[in-house]
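Below is one structure; the comments refer to it alone.
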Amino acid sequence: MPQQEMDIVGHLDELRKRLIMIIAVFFISFATAFVFVQDIYNWLTQDLDMALAVLGPLDIILIYFSIAAVAALTVTVPFIIFQIWLFVKPGLTPEEQKASITYIPASLFLFAGGLAFGYFAVLPIVLNFLLTLGAGTFETMFTADRYFQFVLRMTVPFSVLFEMPLVVMFLTSIGAITPEGMHRNRKYAYFVIVIVSVLVSPPDFLSDVLVIIPLIFLYEVSISLSKFVYKKRLKRLSMEEEAG
C-alpha cells in the first residue's frame, strides 16, 4: 500500500477511535444524568408558579430523555474539544500546540457561561414578557414538552455561540483568519448574526433583540482578541525568520 494511502487509513482509524470515545463518554454521562433527572427537573421548574402538564404518558419519558441529553452534552463538550485537539495536534507546531491547549478549559467556561446567560438572563425576561402579553386575556397553562423546548431554545444556542471568541482566537493563531478580514466583513457577519438570532429565538421582537445584542458584542470582542493573537503570531513568525 502506498505511503499516502497508509497515512489516510491511519488518520481514519484515529478518527474512528476518538469518535468511539466521545460516544462512550456521552452515553455514560447520559446514564448518570438520567439517574438524577428528577432532581434536575425539580431544579429547572423551581421558579415556576404552576405545575407543568403532559398530554400523554410518552411525554414524560421524552422530557426526561431531553433533560438528560442536554446535561450529558454539557459534560461531553470539553471532552469533544480535547479529542479534536489530540487529533489535530500532530499537524501543529510546538508553539501552536502550547497555545491551543489553553483553549480547552476556556471552552468549558464559555459553554457553561452561555448556558447560564441564557437561563438566568434571557429566559426570565422573555418568559415574563410573553406571560404579560396574555395576562387577563388567556388562562396560562404550560405543557412540560413545550416549556422545555422553550428553555432549550433560550439556553443551548447561547452555549454554542459563546464559543465564538475561542474559535476566532484559534483560527487566528493558525493563520486561517485575520482581524482585518473580520473587520472588513463586519456587515456580513452582522447579517448572519441577525439571521441566526431569529432562527434560534422564539418568534417575538424582544427575544430577537436579546439574542442579537450579546452576539454582536461577542463578535466585537472576538475582533479585539483576534488582534491580540494576530500580533503575537506576527511577532513569533518574525523571530523564527530571524533565527532561520
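By order of appearance in the C-alpha cells: chains A, B, ..., then residues from 1 within every chain, and ligands from 1 in the order shown.
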
Write out, as CSV, each residue of range 41-148 of chain A that has an atom at most 12 Å from range 214-224 of chain A, together with the closest pair of atoms and their distance in Å to one decimal, counting only C-alpha atoms, rows going by chain and rising number.
residue,atom,partner,partner_atom,distance
A:Leu110,CA,A:Leu218,CA,11.3
A:Gly114,CA,A:Pro214,CA,10.4
A:Phe117,CA,A:Pro214,CA,9.8
A:Gly118,CA,A:Pro214,CA,10.5
A:Ala121,CA,A:Pro214,CA,11.2
A:Val122,CA,A:Pro214,CA,10.3

Restricting it to N, CA and C atoms, dump the selection as a PDB file, in the first residue's frame.
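Final output, saved to out_38.pdb:
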ATOM      1  N   LEU A 110     -16.752  29.020  28.770  1.00  0.00           N
ATOM      2  CA  LEU A 110     -17.614  29.728  27.823  1.00  0.00           C
ATOM      3  C   LEU A 110     -18.909  28.973  27.572  1.00  0.00           C
ATOM      4  N   GLY A 114     -22.451  30.459  28.569  1.00  0.00           N
ATOM      5  CA  GLY A 114     -23.556  30.631  27.631  1.00  0.00           C
ATOM      6  C   GLY A 114     -24.850  30.045  28.160  1.00  0.00           C
ATOM      7  N   PHE A 117     -26.023  32.364  30.969  1.00  0.00           N
ATOM      8  CA  PHE A 117     -26.569  33.614  30.453  1.00  0.00           C
ATOM      9  C   PHE A 117     -27.975  33.408  29.889  1.00  0.00           C
ATOM     10  N   GLY A 118     -28.145  32.344  29.116  1.00  0.00           N
ATOM     11  CA  GLY A 118     -29.458  32.076  28.546  1.00  0.00           C
ATOM     12  C   GLY A 118     -30.492  31.769  29.608  1.00  0.00           C
ATOM     13  N   ALA A 121     -30.464  35.066  32.493  1.00  0.00           N
ATOM     14  CA  ALA A 121     -30.646  36.425  31.996  1.00  0.00           C
ATOM     15  C   ALA A 121     -31.747  36.518  30.943  1.00  0.00           C
ATOM     16  N   VAL A 122     -31.616  35.733  29.889  1.00  0.00           N
ATOM     17  CA  VAL A 122     -32.550  35.865  28.767  1.00  0.00           C
ATOM     18  C   VAL A 122     -33.892  35.197  29.054  1.00  0.00           C
TER      19      VAL A 122
END

Query raised in the report: Counting only C-alpha atoms, what is within 12 Å of Arg146 in chain A, bar same-chain residues fewer than 4 positions away, as a list in words?
Result: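 Near neighbours after the sequence-gap exclusion: Leu52, Ala53, Val54, Leu55, Asp59, Leu62, Ile63, Ser66, Met141, Phe142, Phe150, Val151, Leu152, Arg153 and Pro202 of chain A.
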
Take the residues just selected and output them with N, CA, C and O atoms as a tab-separated table (two decimals), in the first residue's frame.
chain	number	residue	atom	x	y	z
A	52	LEU	N	-46.52	21.83	35.50
A	52	LEU	CA	-46.50	21.56	34.07
A	52	LEU	C	-47.36	20.36	33.75
A	52	LEU	O	-47.38	19.36	34.48
A	53	ALA	N	-48.08	20.45	32.64
A	53	ALA	CA	-48.99	19.37	32.24
A	53	ALA	C	-48.33	18.52	31.16
A	53	ALA	O	-47.45	18.97	30.44
A	54	VAL	N	-48.76	17.28	31.08
A	54	VAL	CA	-48.35	16.39	29.99
A	54	VAL	C	-49.60	15.88	29.29
A	54	VAL	O	-50.64	15.70	29.92
A	55	LEU	N	-49.49	15.65	27.99
A	55	LEU	CA	-50.65	15.24	27.20
A	55	LEU	C	-50.69	13.73	26.96
A	55	LEU	O	-51.64	13.23	26.37
A	59	ASP	N	-44.87	11.47	26.85
A	59	ASP	CA	-44.26	12.79	27.01
A	59	ASP	C	-43.29	12.82	28.19
A	59	ASP	O	-42.27	13.51	28.16
A	62	LEU	N	-39.96	11.24	27.22
A	62	LEU	CA	-39.29	12.07	26.22
A	62	LEU	C	-38.69	13.31	26.86
A	62	LEU	O	-37.58	13.74	26.50
A	63	ILE	N	-39.40	13.89	27.81
A	63	ILE	CA	-38.89	15.07	28.52
A	63	ILE	C	-37.66	14.70	29.34
A	63	ILE	O	-36.65	15.41	29.33
A	66	SER	N	-34.74	14.28	27.08
A	66	SER	CA	-34.22	15.57	26.61
A	66	SER	C	-33.36	16.23	27.67
A	66	SER	O	-32.27	16.75	27.38
A	141	MET	N	-51.40	27.92	30.82
A	141	MET	CA	-51.09	26.56	31.23
A	141	MET	C	-50.02	26.03	30.29
A	141	MET	O	-50.18	26.07	29.07
A	142	PHE	N	-48.91	25.57	30.85
A	142	PHE	CA	-47.79	25.07	30.06
A	142	PHE	C	-47.80	23.55	30.07
A	142	PHE	O	-48.02	22.93	31.11
A	150	PHE	N	-38.93	25.47	24.95
A	150	PHE	CA	-38.66	26.90	25.10
A	150	PHE	C	-37.36	27.13	25.87
A	150	PHE	O	-36.51	27.95	25.48
A	151	VAL	N	-37.16	26.40	26.97
A	151	VAL	CA	-35.94	26.54	27.77
A	151	VAL	C	-34.71	26.18	26.94
A	151	VAL	O	-33.69	26.89	26.98
A	152	LEU	N	-34.79	25.10	26.17
A	152	LEU	CA	-33.65	24.69	25.35
A	152	LEU	C	-33.32	25.73	24.30
A	152	LEU	O	-32.14	26.01	24.03
A	153	ARG	N	-34.34	26.32	23.70
A	153	ARG	CA	-34.11	27.33	22.66
A	153	ARG	C	-33.52	28.61	23.25
A	153	ARG	O	-32.87	29.39	22.54
A	202	PRO	N	-37.43	32.53	20.13
A	202	PRO	CA	-38.87	32.49	19.91
A	202	PRO	C	-39.32	33.63	18.99
A	202	PRO	O	-38.64	34.66	18.89

Please produce, as a tab-separated table, a per-residue contact table for range 83-186 of chain A versus range 36-42 of chain A (criterion: any atom at most 12 Å away, only C-alpha atoms considered), showing the nearest atom pair and its distance in Å to one decimal, sorted by chain then residue number.
residue	atom	partner	partner_atom	distance
A:Ala144	CA	A:Tyr41	CA	10.1
A:Tyr147	CA	A:Tyr41	CA	11.7
A:Phe148	CA	A:Tyr41	CA	9.8
A:Val151	CA	A:Tyr41	CA	11.9

Query - Shell of 12 Å around Gly181 in chain A, only C-alpha atoms, local chain residues under 2 positions omitted, as number ranges by chain - result: A: 168, 172, 175-179, 183-189, 223, 226-227, 230

Query raised in the report: Smallest atom-to-atom distance to Phe170 in chain A: which of A:Val200, A:Met154, A:Leu92, A:Val194, using only C-alpha atoms?
Result: A:Leu92

Query - alpha helix (DSSP H) residues, from DSSP on the backbone, in range 21-231 of chain A, as a ChimeraX atom specification - result: /A:21-35,37-44,57-88,94-101,103-116,123-134,144-161,164-173,179-184,186-200,205-231

Query raised in the report: Do you know which residues are at most 9 Å from Gln83 in chain A counting only C-alpha atoms, after dropping those on the same chain fewer than 4 positions away, and could you put them as a VMD selection string?
Result: chain A and resid 18 to 19 21 to 22 78 to 79 87 to 88

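Across the model, the gap from CA of Phe109 in chain A to CA of Ile80 in chain A is 14.4 Å.
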
Do you know which residues are at most 10 Å from Ser207 in chain A counting only C-alpha atoms, after dropping those on the same chain fewer than 5 positions away, and could you put them as an mmCIF file with N, CA and C atoms, in the first residue's frame?
data_model
loop_
_atom_site.group_PDB
_atom_site.id
_atom_site.type_symbol
_atom_site.label_atom_id
_atom_site.label_comp_id
_atom_site.auth_asym_id
_atom_site.auth_seq_id
_atom_site.Cartn_x
_atom_site.Cartn_y
_atom_site.Cartn_z
ATOM 1 N N VAL A 122 -31.616 35.733 29.889
ATOM 2 C CA VAL A 122 -32.550 35.865 28.767
ATOM 3 C C VAL A 122 -33.892 35.197 29.054
ATOM 4 N N LEU A 123 -33.854 33.971 29.567
ATOM 5 C CA LEU A 123 -35.086 33.207 29.780
ATOM 6 C C LEU A 123 -36.099 33.929 30.658
ATOM 7 N N ILE A 125 -36.545 37.121 31.317
ATOM 8 C CA ILE A 125 -37.060 38.335 30.671
ATOM 9 C C ILE A 125 -38.064 37.980 29.580
ATOM 10 N N VAL A 126 -37.681 37.034 28.726
ATOM 11 C CA VAL A 126 -38.566 36.650 27.627
ATOM 12 C C VAL A 126 -39.839 35.992 28.161
ATOM 13 N N LEU A 127 -39.706 35.108 29.147
ATOM 14 C CA LEU A 127 -40.863 34.412 29.696
ATOM 15 C C LEU A 127 -41.832 35.391 30.346
ATOM 16 N N PHE A 129 -42.128 38.561 29.712
ATOM 17 C CA PHE A 129 -42.708 39.403 28.665
ATOM 18 C C PHE A 129 -43.851 38.684 27.959
ATOM 19 N N LEU A 130 -43.647 37.426 27.632
ATOM 20 C CA LEU A 130 -44.681 36.663 26.938
ATOM 21 C C LEU A 130 -45.893 36.426 27.838
ATOM 22 N N MET A 154 -33.728 28.831 24.536
ATOM 23 C CA MET A 154 -33.210 30.024 25.188
ATOM 24 C C MET A 154 -31.851 29.807 25.845
ATOM 25 N N SER A 197 -30.013 34.639 14.998
ATOM 26 C CA SER A 197 -30.771 35.023 16.182
ATOM 27 C C SER A 197 -32.266 34.819 15.983
ATOM 28 N N VAL A 198 -32.748 35.185 14.807
ATOM 29 C CA VAL A 198 -34.178 35.000 14.513
ATOM 30 C C VAL A 198 -34.535 33.518 14.468
ATOM 31 N N VAL A 200 -33.004 30.945 16.120
ATOM 32 C CA VAL A 200 -32.869 30.224 17.389
ATOM 33 C C VAL A 200 -33.763 30.775 18.487
ATOM 34 N N SER A 201 -34.274 31.979 18.338
ATOM 35 C CA SER A 201 -35.081 32.587 19.393
ATOM 36 C C SER A 201 -36.570 32.431 19.092
ATOM 37 N N PRO A 202 -37.430 32.535 20.132
ATOM 38 C CA PRO A 202 -38.873 32.491 19.905
ATOM 39 C C PRO A 202 -39.319 33.629 18.987
ATOM 40 N N ILE A 212 -29.617 39.058 19.646
ATOM 41 C CA ILE A 212 -28.760 39.777 18.703
ATOM 42 C C ILE A 212 -27.696 40.603 19.426
#

Query raised in the report: CA of Lys98 in chain A and CA of Ile20 in chain A, how far apart in Å?
Result: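 That distance, rounded to one decimal, is 25.9 Å.
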
Query raised in the report: How far is it from CA of Phe82 in chain A to CA of Ala112 in chain A, in Å with one decimal?
Result: 16.1 Å

Query - Spatial neighbours of Thr32 in chain A, 12 Å, only C-alpha atoms, chain gap at least 3 places, as a count of residues only - result: 17
